[in-house]
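J.: Next comes input20.cif, mmCIF, N, CA and C atoms:
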```cif
data_structure
#
loop_
_atom_site.label_atom_id
_atom_site.label_comp_id
_atom_site.auth_asym_id
_atom_site.auth_seq_id
_atom_site.Cartn_x
_atom_site.Cartn_y
_atom_site.Cartn_z
N ARG A 1003 0.67 18.32 -20.21
CA ARG A 1003 0.47 18.65 -21.61
C ARG A 1003 -0.48 19.82 -21.79
N GLY A 1004 -1.47 19.91 -20.97
CA GLY A 1004 -2.49 20.94 -21.11
C GLY A 1004 -2.21 22.17 -20.28
N GLY A 1005 -1.04 22.26 -19.69
CA GLY A 1005 -0.70 23.43 -18.89
C GLY A 1005 -1.21 23.36 -17.45
N ILE A 1006 -1.74 22.23 -17.06
CA ILE A 1006 -2.16 22.06 -15.67
C ILE A 1006 -1.48 20.81 -15.11
N GLY A 1007 -1.33 20.77 -13.83
CA GLY A 1007 -0.78 19.59 -13.18
C GLY A 1007 -1.90 18.78 -12.54
N VAL A 1008 -1.84 17.48 -12.71
CA VAL A 1008 -2.86 16.60 -12.14
C VAL A 1008 -2.20 15.66 -11.14
N ILE A 1009 -2.66 15.71 -9.90
CA ILE A 1009 -2.20 14.78 -8.86
C ILE A 1009 -3.38 13.87 -8.53
N MET A 1010 -3.14 12.58 -8.66
CA MET A 1010 -4.19 11.59 -8.45
C MET A 1010 -4.06 10.96 -7.07
N ASP A 1011 -5.17 10.80 -6.41
CA ASP A 1011 -5.20 10.09 -5.13
C ASP A 1011 -5.25 8.60 -5.45
N PHE A 1012 -4.32 7.85 -4.89
CA PHE A 1012 -4.21 6.41 -5.17
C PHE A 1012 -4.12 5.68 -3.84
N VAL A 1013 -4.88 4.61 -3.68
CA VAL A 1013 -4.94 3.90 -2.41
C VAL A 1013 -4.35 2.50 -2.56
N PRO A 1014 -3.05 2.34 -2.32
CA PRO A 1014 -2.44 1.01 -2.45
C PRO A 1014 -2.49 0.20 -1.15
N ALA A 1015 -3.16 0.72 -0.14
CA ALA A 1015 -3.14 0.10 1.19
C ALA A 1015 -4.22 -0.95 1.38
N HIS A 1016 -5.41 -0.64 0.95
CA HIS A 1016 -6.54 -1.51 1.27
C HIS A 1016 -7.62 -1.37 0.21
N PHE A 1017 -8.63 -2.25 0.28
CA PHE A 1017 -9.73 -2.22 -0.69
C PHE A 1017 -11.01 -2.69 -0.01
N CYS A 1018 -12.14 -2.29 -0.59
CA CYS A 1018 -13.43 -2.67 0.00
C CYS A 1018 -13.63 -4.17 -0.11
N LYS A 1019 -14.55 -4.68 0.69
CA LYS A 1019 -14.77 -6.13 0.69
C LYS A 1019 -16.20 -6.48 0.31
N ASP A 1020 -16.83 -5.62 -0.49
CA ASP A 1020 -18.18 -5.93 -0.94
C ASP A 1020 -18.14 -6.95 -2.09
N ALA A 1021 -19.30 -7.29 -2.62
CA ALA A 1021 -19.41 -8.34 -3.64
C ALA A 1021 -18.69 -7.99 -4.94
N CYS A 1022 -18.47 -6.72 -5.21
CA CYS A 1022 -17.81 -6.29 -6.46
C CYS A 1022 -16.32 -6.03 -6.28
N SER A 1023 -15.75 -6.45 -5.18
CA SER A 1023 -14.35 -6.11 -4.88
C SER A 1023 -13.40 -7.27 -5.16
N PHE A 1024 -12.15 -7.07 -4.79
CA PHE A 1024 -11.12 -8.10 -4.91
C PHE A 1024 -11.17 -9.12 -3.78
N ALA A 1025 -11.95 -8.86 -2.74
CA ALA A 1025 -11.99 -9.73 -1.56
C ALA A 1025 -12.36 -11.16 -1.97
N SER A 1026 -11.52 -12.11 -1.58
CA SER A 1026 -11.72 -13.52 -1.94
C SER A 1026 -12.07 -13.65 -3.42
N PHE A 1027 -11.28 -13.00 -4.24
CA PHE A 1027 -11.55 -12.84 -5.68
C PHE A 1027 -11.87 -14.16 -6.38
N ASP A 1028 -11.08 -15.18 -6.10
CA ASP A 1028 -11.31 -16.49 -6.73
C ASP A 1028 -11.82 -17.51 -5.70
N GLY A 1029 -12.37 -17.00 -4.62
CA GLY A 1029 -12.85 -17.88 -3.55
C GLY A 1029 -11.82 -18.07 -2.46
N THR A 1030 -10.62 -17.57 -2.68
CA THR A 1030 -9.54 -17.64 -1.69
C THR A 1030 -9.02 -16.22 -1.47
N PRO A 1031 -8.24 -15.99 -0.43
CA PRO A 1031 -7.65 -14.66 -0.24
C PRO A 1031 -6.57 -14.39 -1.30
N THR A 1032 -6.98 -13.91 -2.44
CA THR A 1032 -6.10 -13.73 -3.59
C THR A 1032 -5.26 -12.46 -3.48
N PHE A 1033 -5.90 -11.35 -3.15
CA PHE A 1033 -5.22 -10.06 -3.08
C PHE A 1033 -4.87 -9.68 -1.64
N GLU A 1034 -5.56 -10.26 -0.67
CA GLU A 1034 -5.38 -9.91 0.72
C GLU A 1034 -4.57 -10.99 1.45
N TYR A 1035 -4.09 -10.65 2.63
CA TYR A 1035 -3.44 -11.63 3.50
C TYR A 1035 -4.50 -12.63 3.95
N GLU A 1036 -4.10 -13.87 4.13
CA GLU A 1036 -5.04 -14.91 4.53
C GLU A 1036 -5.53 -14.73 5.96
N ASP A 1037 -4.62 -14.43 6.87
CA ASP A 1037 -4.97 -14.27 8.28
C ASP A 1037 -5.59 -12.88 8.48
N PRO A 1038 -6.82 -12.79 9.00
CA PRO A 1038 -7.46 -11.49 9.19
C PRO A 1038 -6.69 -10.54 10.10
N ARG A 1039 -5.80 -11.06 10.94
CA ARG A 1039 -4.98 -10.17 11.78
C ARG A 1039 -4.00 -9.37 10.93
N GLU A 1040 -3.74 -9.86 9.71
CA GLU A 1040 -2.90 -9.12 8.76
C GLU A 1040 -3.74 -8.52 7.64
N GLY A 1041 -4.80 -9.20 7.26
CA GLY A 1041 -5.51 -8.88 6.02
C GLY A 1041 -6.77 -8.08 6.13
N GLU A 1042 -7.02 -7.49 7.29
CA GLU A 1042 -8.27 -6.75 7.42
C GLU A 1042 -8.09 -5.51 8.29
N GLN A 1043 -8.66 -4.41 7.85
CA GLN A 1043 -8.78 -3.20 8.66
C GLN A 1043 -10.23 -3.15 9.14
N LYS A 1044 -10.49 -3.75 10.27
CA LYS A 1044 -11.87 -3.90 10.75
C LYS A 1044 -12.56 -2.56 10.97
N ASP A 1045 -11.81 -1.56 11.47
CA ASP A 1045 -12.45 -0.27 11.74
C ASP A 1045 -12.85 0.45 10.46
N TRP A 1046 -12.26 0.11 9.32
CA TRP A 1046 -12.65 0.70 8.04
C TRP A 1046 -13.54 -0.24 7.23
N GLY A 1047 -13.62 -1.50 7.63
CA GLY A 1047 -14.40 -2.47 6.87
C GLY A 1047 -13.76 -2.81 5.54
N THR A 1048 -12.42 -2.86 5.53
CA THR A 1048 -11.69 -3.12 4.28
C THR A 1048 -10.71 -4.28 4.46
N LYS A 1049 -10.23 -4.78 3.34
CA LYS A 1049 -9.17 -5.79 3.30
C LYS A 1049 -7.85 -5.10 2.99
N VAL A 1050 -6.75 -5.69 3.44
CA VAL A 1050 -5.40 -5.14 3.25
C VAL A 1050 -4.71 -5.91 2.13
N PHE A 1051 -4.13 -5.19 1.18
CA PHE A 1051 -3.37 -5.84 0.12
C PHE A 1051 -2.22 -6.64 0.71
N ASN A 1052 -1.97 -7.83 0.15
CA ASN A 1052 -0.87 -8.69 0.60
C ASN A 1052 0.38 -8.33 -0.19
N PHE A 1053 1.25 -7.53 0.42
CA PHE A 1053 2.45 -7.03 -0.25
C PHE A 1053 3.54 -8.08 -0.37
N ARG A 1054 3.31 -9.27 0.19
CA ARG A 1054 4.26 -10.38 0.00
C ARG A 1054 4.11 -11.01 -1.38
N LYS A 1055 2.93 -10.89 -1.95
CA LYS A 1055 2.63 -11.54 -3.23
C LYS A 1055 3.09 -10.68 -4.40
N ASN A 1056 3.93 -11.27 -5.25
CA ASN A 1056 4.41 -10.54 -6.42
C ASN A 1056 3.27 -10.11 -7.34
N GLU A 1057 2.22 -10.93 -7.42
CA GLU A 1057 1.08 -10.58 -8.27
C GLU A 1057 0.40 -9.31 -7.79
N VAL A 1058 0.28 -9.14 -6.49
CA VAL A 1058 -0.34 -7.95 -5.92
C VAL A 1058 0.55 -6.74 -6.15
N ARG A 1059 1.83 -6.89 -5.90
CA ARG A 1059 2.78 -5.80 -6.11
C ARG A 1059 2.77 -5.36 -7.57
N SER A 1060 2.76 -6.33 -8.48
CA SER A 1060 2.73 -6.04 -9.91
C SER A 1060 1.44 -5.33 -10.32
N PHE A 1061 0.32 -5.79 -9.79
CA PHE A 1061 -0.97 -5.17 -10.07
C PHE A 1061 -0.96 -3.70 -9.64
N LEU A 1062 -0.52 -3.42 -8.42
CA LEU A 1062 -0.53 -2.05 -7.91
C LEU A 1062 0.46 -1.17 -8.67
N LEU A 1063 1.65 -1.66 -8.91
CA LEU A 1063 2.64 -0.90 -9.66
C LEU A 1063 2.15 -0.65 -11.08
N GLY A 1064 1.62 -1.68 -11.72
CA GLY A 1064 1.09 -1.54 -13.07
C GLY A 1064 -0.03 -0.53 -13.16
N SER A 1065 -0.86 -0.46 -12.13
CA SER A 1065 -1.95 0.51 -12.10
C SER A 1065 -1.42 1.94 -12.10
N VAL A 1066 -0.42 2.20 -11.26
CA VAL A 1066 0.18 3.53 -11.19
C VAL A 1066 0.84 3.88 -12.53
N LEU A 1067 1.60 2.94 -13.08
CA LEU A 1067 2.27 3.20 -14.35
C LEU A 1067 1.27 3.44 -15.48
N PHE A 1068 0.16 2.72 -15.47
CA PHE A 1068 -0.89 2.92 -16.47
C PHE A 1068 -1.38 4.36 -16.45
N TRP A 1069 -1.70 4.87 -15.26
CA TRP A 1069 -2.21 6.24 -15.15
C TRP A 1069 -1.15 7.26 -15.58
N ALA A 1070 0.10 7.00 -15.24
CA ALA A 1070 1.17 7.93 -15.63
C ALA A 1070 1.39 7.90 -17.14
N GLU A 1071 1.36 6.71 -17.73
CA GLU A 1071 1.65 6.58 -19.16
C GLU A 1071 0.45 6.93 -20.03
N ARG A 1072 -0.71 6.44 -19.70
CA ARG A 1072 -1.89 6.62 -20.56
C ARG A 1072 -2.50 8.01 -20.40
N TYR A 1073 -2.58 8.49 -19.15
CA TYR A 1073 -3.27 9.76 -18.89
C TYR A 1073 -2.34 10.88 -18.46
N HIS A 1074 -1.04 10.61 -18.45
CA HIS A 1074 -0.02 11.63 -18.15
C HIS A 1074 -0.24 12.32 -16.81
N VAL A 1075 -0.64 11.52 -15.81
CA VAL A 1075 -0.81 12.05 -14.46
C VAL A 1075 0.55 12.57 -13.99
N ASP A 1076 0.55 13.75 -13.39
CA ASP A 1076 1.80 14.40 -12.98
C ASP A 1076 2.28 14.00 -11.60
N GLY A 1077 1.39 13.41 -10.81
CA GLY A 1077 1.78 13.01 -9.47
C GLY A 1077 0.74 12.10 -8.84
N PHE A 1078 1.18 11.40 -7.82
CA PHE A 1078 0.31 10.48 -7.09
C PHE A 1078 0.43 10.76 -5.60
N ARG A 1079 -0.70 10.87 -4.94
CA ARG A 1079 -0.75 10.96 -3.49
C ARG A 1079 -1.21 9.59 -3.00
N PHE A 1080 -0.32 8.87 -2.34
CA PHE A 1080 -0.63 7.53 -1.85
C PHE A 1080 -1.31 7.67 -0.49
N ASP A 1081 -2.57 7.28 -0.45
CA ASP A 1081 -3.41 7.44 0.73
C ASP A 1081 -3.24 6.28 1.69
N ALA A 1082 -3.48 6.53 2.96
CA ALA A 1082 -3.51 5.51 4.01
C ALA A 1082 -2.18 4.78 4.18
N VAL A 1083 -1.09 5.48 3.97
CA VAL A 1083 0.23 4.86 4.08
C VAL A 1083 0.51 4.38 5.51
N SER A 1084 0.00 5.08 6.50
CA SER A 1084 0.20 4.63 7.89
C SER A 1084 -0.32 3.22 8.10
N SER A 1085 -1.47 2.93 7.48
CA SER A 1085 -2.04 1.60 7.64
C SER A 1085 -1.20 0.54 6.95
N MET A 1086 -0.36 0.96 6.00
CA MET A 1086 0.56 0.03 5.34
C MET A 1086 1.80 -0.21 6.18
N LEU A 1087 2.29 0.82 6.82
CA LEU A 1087 3.58 0.77 7.52
C LEU A 1087 3.55 0.00 8.83
N TYR A 1088 2.44 0.10 9.53
CA TYR A 1088 2.34 -0.49 10.86
C TYR A 1088 1.43 -1.71 10.82
N ARG A 1089 1.96 -2.85 11.18
CA ARG A 1089 1.17 -4.08 11.20
C ARG A 1089 0.07 -4.00 12.26
N ASN A 1090 0.24 -3.13 13.24
CA ASN A 1090 -0.74 -2.98 14.31
C ASN A 1090 -1.54 -1.68 14.19
N PHE A 1091 -1.62 -1.11 13.00
CA PHE A 1091 -2.34 0.14 12.79
C PHE A 1091 -3.83 -0.03 13.07
N CYS A 1092 -4.41 0.97 13.71
CA CYS A 1092 -5.85 1.02 13.97
C CYS A 1092 -6.26 2.48 13.88
N SER A 1093 -7.19 2.81 12.99
CA SER A 1093 -7.56 4.21 12.78
C SER A 1093 -8.35 4.79 13.95
N THR A 1094 -9.03 3.96 14.70
CA THR A 1094 -9.86 4.49 15.79
C THR A 1094 -9.12 4.59 17.12
N GLU A 1095 -8.16 3.70 17.37
CA GLU A 1095 -7.46 3.69 18.66
C GLU A 1095 -5.97 3.96 18.53
N GLY A 1096 -5.48 4.19 17.33
CA GLY A 1096 -4.05 4.41 17.11
C GLY A 1096 -3.33 3.12 16.78
N PHE A 1097 -3.39 2.15 17.67
CA PHE A 1097 -2.74 0.86 17.42
C PHE A 1097 -3.61 -0.28 17.95
N LYS A 1098 -3.57 -1.43 17.28
CA LYS A 1098 -4.31 -2.61 17.71
C LYS A 1098 -3.70 -3.16 19.00
N ARG A 1099 -4.53 -3.88 19.74
CA ARG A 1099 -4.06 -4.52 20.97
C ARG A 1099 -3.29 -5.79 20.65
N GLU A 1100 -2.49 -6.23 21.60
CA GLU A 1100 -1.74 -7.49 21.48
C GLU A 1100 -2.72 -8.62 21.15
N GLY A 1101 -2.34 -9.47 20.22
CA GLY A 1101 -3.19 -10.59 19.81
C GLY A 1101 -4.09 -10.26 18.62
N GLU A 1102 -4.25 -8.97 18.31
CA GLU A 1102 -5.07 -8.55 17.18
C GLU A 1102 -4.25 -8.36 15.91
N TRP A 1103 -2.95 -8.57 16.03
CA TRP A 1103 -2.05 -8.39 14.88
C TRP A 1103 -0.88 -9.35 15.01
N ILE A 1104 -0.12 -9.51 13.92
CA ILE A 1104 1.02 -10.42 13.88
C ILE A 1104 2.30 -9.61 13.70
N LYS A 1105 3.28 -9.88 14.58
CA LYS A 1105 4.57 -9.18 14.48
C LYS A 1105 5.33 -9.61 13.23
N ASN A 1106 6.25 -8.75 12.78
CA ASN A 1106 7.09 -9.12 11.63
C ASN A 1106 8.16 -10.11 12.08
N GLU A 1107 8.98 -10.57 11.15
CA GLU A 1107 9.97 -11.61 11.46
C GLU A 1107 11.04 -11.17 12.45
N HIS A 1108 11.12 -9.85 12.71
CA HIS A 1108 12.07 -9.34 13.70
C HIS A 1108 11.40 -9.03 15.04
N GLY A 1109 10.10 -9.31 15.12
CA GLY A 1109 9.37 -9.07 16.36
C GLY A 1109 8.80 -7.67 16.50
N GLY A 1110 8.89 -6.88 15.43
CA GLY A 1110 8.41 -5.50 15.49
C GLY A 1110 7.08 -5.30 14.81
N ASN A 1111 6.66 -4.04 14.78
CA ASN A 1111 5.35 -3.71 14.20
C ASN A 1111 5.44 -3.13 12.80
N ALA A 1112 6.64 -2.99 12.25
CA ALA A 1112 6.79 -2.47 10.89
C ALA A 1112 6.38 -3.53 9.87
N ASN A 1113 5.62 -3.11 8.88
CA ASN A 1113 5.23 -4.00 7.79
C ASN A 1113 6.34 -3.93 6.74
N LEU A 1114 7.31 -4.80 6.85
CA LEU A 1114 8.51 -4.75 6.02
C LEU A 1114 8.21 -4.92 4.55
N GLU A 1115 7.24 -5.79 4.22
CA GLU A 1115 6.91 -5.99 2.81
C GLU A 1115 6.20 -4.77 2.22
N ALA A 1116 5.42 -4.05 3.01
CA ALA A 1116 4.78 -2.82 2.53
C ALA A 1116 5.84 -1.74 2.32
N MET A 1117 6.80 -1.65 3.23
CA MET A 1117 7.89 -0.68 3.07
C MET A 1117 8.67 -0.97 1.80
N SER A 1118 8.98 -2.23 1.58
CA SER A 1118 9.69 -2.64 0.38
C SER A 1118 8.90 -2.28 -0.88
N PHE A 1119 7.59 -2.54 -0.84
CA PHE A 1119 6.75 -2.20 -1.99
C PHE A 1119 6.76 -0.70 -2.26
N LEU A 1120 6.61 0.13 -1.22
CA LEU A 1120 6.60 1.58 -1.42
C LEU A 1120 7.92 2.07 -2.00
N ARG A 1121 9.02 1.50 -1.54
CA ARG A 1121 10.34 1.88 -2.09
C ARG A 1121 10.45 1.47 -3.55
N ASP A 1122 10.03 0.25 -3.86
CA ASP A 1122 10.08 -0.23 -5.25
C ASP A 1122 9.18 0.63 -6.14
N LEU A 1123 7.98 0.91 -5.67
CA LEU A 1123 7.03 1.73 -6.42
C LEU A 1123 7.62 3.10 -6.71
N ASN A 1124 8.16 3.72 -5.70
CA ASN A 1124 8.76 5.05 -5.86
C ASN A 1124 9.92 5.02 -6.85
N ARG A 1125 10.79 4.02 -6.70
CA ARG A 1125 11.95 3.90 -7.59
C ARG A 1125 11.53 3.71 -9.04
N VAL A 1126 10.61 2.79 -9.31
CA VAL A 1126 10.20 2.49 -10.67
C VAL A 1126 9.46 3.67 -11.30
N VAL A 1127 8.58 4.30 -10.55
CA VAL A 1127 7.85 5.46 -11.08
C VAL A 1127 8.83 6.55 -11.49
N HIS A 1128 9.82 6.84 -10.63
CA HIS A 1128 10.77 7.91 -10.95
C HIS A 1128 11.74 7.51 -12.05
N GLN A 1129 12.05 6.25 -12.19
CA GLN A 1129 12.89 5.80 -13.30
C GLN A 1129 12.16 5.94 -14.63
N ARG A 1130 10.91 5.52 -14.66
CA ARG A 1130 10.12 5.52 -15.90
C ARG A 1130 9.55 6.90 -16.23
N HIS A 1131 9.28 7.70 -15.20
CA HIS A 1131 8.65 9.01 -15.37
C HIS A 1131 9.30 10.01 -14.43
N PRO A 1132 10.50 10.50 -14.79
CA PRO A 1132 11.29 11.34 -13.88
C PRO A 1132 10.58 12.58 -13.34
N GLY A 1133 9.63 13.14 -14.04
CA GLY A 1133 8.97 14.35 -13.56
C GLY A 1133 7.76 14.11 -12.68
N VAL A 1134 7.36 12.85 -12.52
CA VAL A 1134 6.16 12.53 -11.74
C VAL A 1134 6.48 12.64 -10.25
N VAL A 1135 5.58 13.28 -9.53
CA VAL A 1135 5.72 13.48 -8.08
C VAL A 1135 5.01 12.34 -7.35
N THR A 1136 5.64 11.83 -6.30
CA THR A 1136 4.98 10.85 -5.44
C THR A 1136 4.93 11.40 -4.03
N ILE A 1137 3.76 11.29 -3.41
CA ILE A 1137 3.52 11.85 -2.08
C ILE A 1137 2.93 10.74 -1.22
N ALA A 1138 3.53 10.50 -0.06
CA ALA A 1138 3.00 9.50 0.87
C ALA A 1138 2.25 10.23 1.98
N GLU A 1139 0.94 10.00 2.07
CA GLU A 1139 0.14 10.56 3.16
C GLU A 1139 0.35 9.63 4.35
N GLU A 1140 1.11 10.11 5.33
CA GLU A 1140 1.51 9.27 6.45
C GLU A 1140 1.25 10.05 7.73
N SER A 1141 0.25 9.64 8.49
CA SER A 1141 -0.19 10.42 9.63
C SER A 1141 0.58 10.15 10.92
N HIS A 1142 1.57 9.28 10.89
CA HIS A 1142 2.33 8.99 12.10
C HIS A 1142 3.77 9.52 12.05
N ALA A 1143 4.08 10.32 11.05
CA ALA A 1143 5.37 11.01 10.94
C ALA A 1143 6.56 10.06 10.80
N TRP A 1144 6.45 9.07 9.95
CA TRP A 1144 7.55 8.16 9.65
C TRP A 1144 8.27 8.72 8.43
N GLY A 1145 9.23 9.56 8.67
CA GLY A 1145 9.94 10.24 7.58
C GLY A 1145 10.80 9.29 6.75
N GLY A 1146 10.90 9.58 5.46
CA GLY A 1146 11.79 8.84 4.57
C GLY A 1146 11.35 7.43 4.25
N VAL A 1147 10.09 7.12 4.44
CA VAL A 1147 9.64 5.74 4.25
C VAL A 1147 9.83 5.25 2.82
N THR A 1148 9.78 6.13 1.85
CA THR A 1148 9.92 5.70 0.45
C THR A 1148 11.35 5.80 -0.06
N TRP A 1149 12.27 6.25 0.76
CA TRP A 1149 13.66 6.37 0.35
C TRP A 1149 14.29 5.00 0.19
N GLU A 1150 15.25 4.92 -0.68
CA GLU A 1150 16.05 3.70 -0.79
C GLU A 1150 16.84 3.52 0.51
N GLU A 1151 17.13 2.29 0.87
CA GLU A 1151 17.85 2.04 2.12
C GLU A 1151 19.23 2.69 2.12
N SER A 1152 19.82 2.89 0.94
CA SER A 1152 21.14 3.50 0.86
C SER A 1152 21.09 5.01 1.12
N ASP A 1153 19.89 5.63 1.04
CA ASP A 1153 19.76 7.08 1.24
C ASP A 1153 19.88 7.39 2.68
#
```
Write out the structure in this file as structure tokens.
T.:
Amino acid sequence: RGGIGVIMDFVPAHFCKDACSFASFDGTPTFEYEDPREGEQKDWGTKVFNFRKNEVRSFLLGSVLFWAERYHVDGFRFDAVSSMLYRNFCSTEGFKREGEWIKNEHGGNANLEAMSFLRDLNRVVHQRHPGVVTIAEESHAWGGVTWEESD
């Protein structure tokens, strides 16, 4: 509207675990995975959003839509996407060792629920706000992660 484009950095991957955070919000792992092998990025000192929970997915999607609708943000750069995609992601060593993470239902290291969330997020944002740009910061070169499976 003002002749400038605004791209907002948005972190849907993880959150801090201090006293003012979502960590154990109601005394239980509300926003994060219950098992720390899934729900914690120890090298960053953060908790990982539980993308299996519809409430978490809705909260994150609603947050992005709020910024697009209320403040007319022109684009979103989704930070730390690598940590979302790989169940065994480790920022200091590349990947966690065996036993420090839980495989997906197919025995692999892809976080299928995070991939599903990113695809849903991308689809809904572009449906509701066709001109809004979405950018996935992904340091492991996993191309097309936000594409629909039919693409």
J.: Atom CA of A:Arg1121 and atom CA of A:Thr1094 are how many Å apart?
T.: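 Computed distance, atom CA of A:Arg1121 to atom CA of A:Thr1094, equals 27.1 Å.
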J.: Report the distance between atom CA of A:His1108 and atom CA of A:Asn1090 in Å, rounded to one decimal place.
T.: 14.3 Å
J.: Per DSSP on the backbone, filter chain A down to the residues in alpha helix (DSSP H) and report them as an MDAnalysis selection string.
T.: chainID A and resid 1038:1041 1056:1073 1083:1087 1114:1130
J.: For the residues selected in the previous step, produce a file with N, CA and C atoms as a short mmCIF file (atom, residue, chain, number, x, y, z; two decimals), in the coordinates of the input.
T.:
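Dumped everything to out01.cif:
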```
data_model
loop_
_atom_site.label_atom_id
_atom_site.label_comp_id
_atom_site.auth_asym_id
_atom_site.auth_seq_id
_atom_site.Cartn_x
_atom_site.Cartn_y
_atom_site.Cartn_z
N PRO A 1038 -6.82 -12.79 9.00
CA PRO A 1038 -7.46 -11.49 9.19
C PRO A 1038 -6.69 -10.54 10.10
N ARG A 1039 -5.80 -11.06 10.94
CA ARG A 1039 -4.98 -10.17 11.78
C ARG A 1039 -4.00 -9.37 10.93
N GLU A 1040 -3.74 -9.86 9.71
CA GLU A 1040 -2.90 -9.12 8.76
C GLU A 1040 -3.74 -8.52 7.64
N GLY A 1041 -4.80 -9.20 7.26
CA GLY A 1041 -5.51 -8.88 6.02
C GLY A 1041 -6.77 -8.08 6.13
N ASN A 1056 3.93 -11.27 -5.25
CA ASN A 1056 4.41 -10.54 -6.42
C ASN A 1056 3.27 -10.11 -7.34
N GLU A 1057 2.22 -10.93 -7.42
CA GLU A 1057 1.08 -10.58 -8.27
C GLU A 1057 0.40 -9.31 -7.79
N VAL A 1058 0.28 -9.14 -6.49
CA VAL A 1058 -0.34 -7.95 -5.92
C VAL A 1058 0.55 -6.74 -6.15
N ARG A 1059 1.83 -6.89 -5.90
CA ARG A 1059 2.78 -5.80 -6.11
C ARG A 1059 2.77 -5.36 -7.57
N SER A 1060 2.76 -6.33 -8.48
CA SER A 1060 2.73 -6.04 -9.91
C SER A 1060 1.44 -5.33 -10.32
N PHE A 1061 0.32 -5.79 -9.79
CA PHE A 1061 -0.97 -5.17 -10.07
C PHE A 1061 -0.96 -3.70 -9.64
N LEU A 1062 -0.52 -3.42 -8.42
CA LEU A 1062 -0.53 -2.05 -7.91
C LEU A 1062 0.46 -1.17 -8.67
N LEU A 1063 1.65 -1.66 -8.91
CA LEU A 1063 2.64 -0.90 -9.66
C LEU A 1063 2.15 -0.65 -11.08
N GLY A 1064 1.62 -1.68 -11.72
CA GLY A 1064 1.09 -1.54 -13.07
C GLY A 1064 -0.03 -0.53 -13.16
N SER A 1065 -0.86 -0.46 -12.13
CA SER A 1065 -1.95 0.51 -12.10
C SER A 1065 -1.42 1.94 -12.10
N VAL A 1066 -0.42 2.20 -11.26
CA VAL A 1066 0.18 3.53 -11.19
C VAL A 1066 0.84 3.88 -12.53
N LEU A 1067 1.60 2.94 -13.08
CA LEU A 1067 2.27 3.20 -14.35
C LEU A 1067 1.27 3.44 -15.48
N PHE A 1068 0.16 2.72 -15.47
CA PHE A 1068 -0.89 2.92 -16.47
C PHE A 1068 -1.38 4.36 -16.45
N TRP A 1069 -1.70 4.87 -15.26
CA TRP A 1069 -2.21 6.24 -15.15
C TRP A 1069 -1.15 7.26 -15.58
N ALA A 1070 0.10 7.00 -15.24
CA ALA A 1070 1.17 7.93 -15.63
C ALA A 1070 1.39 7.90 -17.14
N GLU A 1071 1.36 6.71 -17.73
CA GLU A 1071 1.65 6.58 -19.16
C GLU A 1071 0.45 6.93 -20.03
N ARG A 1072 -0.71 6.44 -19.70
CA ARG A 1072 -1.89 6.62 -20.56
C ARG A 1072 -2.50 8.01 -20.40
N TYR A 1073 -2.58 8.49 -19.15
CA TYR A 1073 -3.27 9.76 -18.89
C TYR A 1073 -2.34 10.88 -18.46
N VAL A 1083 -1.09 5.48 3.97
CA VAL A 1083 0.23 4.86 4.08
C VAL A 1083 0.51 4.38 5.51
N SER A 1084 0.00 5.08 6.50
CA SER A 1084 0.20 4.63 7.89
C SER A 1084 -0.32 3.22 8.10
N SER A 1085 -1.47 2.93 7.48
CA SER A 1085 -2.04 1.60 7.64
C SER A 1085 -1.20 0.54 6.95
N MET A 1086 -0.36 0.96 6.00
CA MET A 1086 0.56 0.03 5.34
C MET A 1086 1.80 -0.21 6.18
N LEU A 1087 2.29 0.82 6.82
CA LEU A 1087 3.58 0.77 7.52
C LEU A 1087 3.55 0.00 8.83
N LEU A 1114 7.31 -4.80 6.85
CA LEU A 1114 8.51 -4.75 6.02
C LEU A 1114 8.21 -4.92 4.55
N GLU A 1115 7.24 -5.79 4.22
CA GLU A 1115 6.91 -5.99 2.81
C GLU A 1115 6.20 -4.77 2.22
N ALA A 1116 5.42 -4.05 3.01
CA ALA A 1116 4.78 -2.82 2.53
C ALA A 1116 5.84 -1.74 2.32
N MET A 1117 6.80 -1.65 3.23
CA MET A 1117 7.89 -0.68 3.07
C MET A 1117 8.67 -0.97 1.80
N SER A 1118 8.98 -2.23 1.58
CA SER A 1118 9.69 -2.64 0.38
C SER A 1118 8.90 -2.28 -0.88
N PHE A 1119 7.59 -2.54 -0.84
CA PHE A 1119 6.75 -2.20 -1.99
C PHE A 1119 6.76 -0.70 -2.26
N LEU A 1120 6.61 0.13 -1.22
CA LEU A 1120 6.60 1.58 -1.42
C LEU A 1120 7.92 2.07 -2.00
N ARG A 1121 9.02 1.50 -1.54
CA ARG A 1121 10.34 1.88 -2.09
C ARG A 1121 10.45 1.47 -3.55
N ASP A 1122 10.03 0.25 -3.86
CA ASP A 1122 10.08 -0.23 -5.25
C ASP A 1122 9.18 0.63 -6.14
N LEU A 1123 7.98 0.91 -5.67
CA LEU A 1123 7.03 1.73 -6.42
C LEU A 1123 7.62 3.10 -6.71
N ASN A 1124 8.16 3.72 -5.70
CA ASN A 1124 8.76 5.05 -5.86
C ASN A 1124 9.92 5.02 -6.85
N ARG A 1125 10.79 4.02 -6.70
CA ARG A 1125 11.95 3.90 -7.59
C ARG A 1125 11.53 3.71 -9.04
N VAL A 1126 10.61 2.79 -9.31
CA VAL A 1126 10.20 2.49 -10.67
C VAL A 1126 9.46 3.67 -11.30
N VAL A 1127 8.58 4.30 -10.55
CA VAL A 1127 7.85 5.46 -11.08
C VAL A 1127 8.83 6.55 -11.49
N HIS A 1128 9.82 6.84 -10.63
CA HIS A 1128 10.77 7.91 -10.95
C HIS A 1128 11.74 7.51 -12.05
N GLN A 1129 12.05 6.25 -12.19
CA GLN A 1129 12.89 5.80 -13.30
C GLN A 1129 12.16 5.94 -14.63
N ARG A 1130 10.91 5.52 -14.66
CA ARG A 1130 10.12 5.52 -15.90
C ARG A 1130 9.55 6.90 -16.23
#
```
J.: With only C-alpha atoms counted, which protein, DNA or RNA residues have an atom no more than 12 Å from (10.1, 4.1, -6.3) in the file frame? Please answer as an MDAnalysis selection string.
T.: chainID A and resid 1063 1066:1067 1078 1117:1132 1134:1138 1146:1151
J.: Counting all atoms listed in the file, which residue out of A:Gly1007, A:Gly1077, A:Gly1029, A:Gly1047 sits closest to A:Gly1133?
T.: A:Gly1077
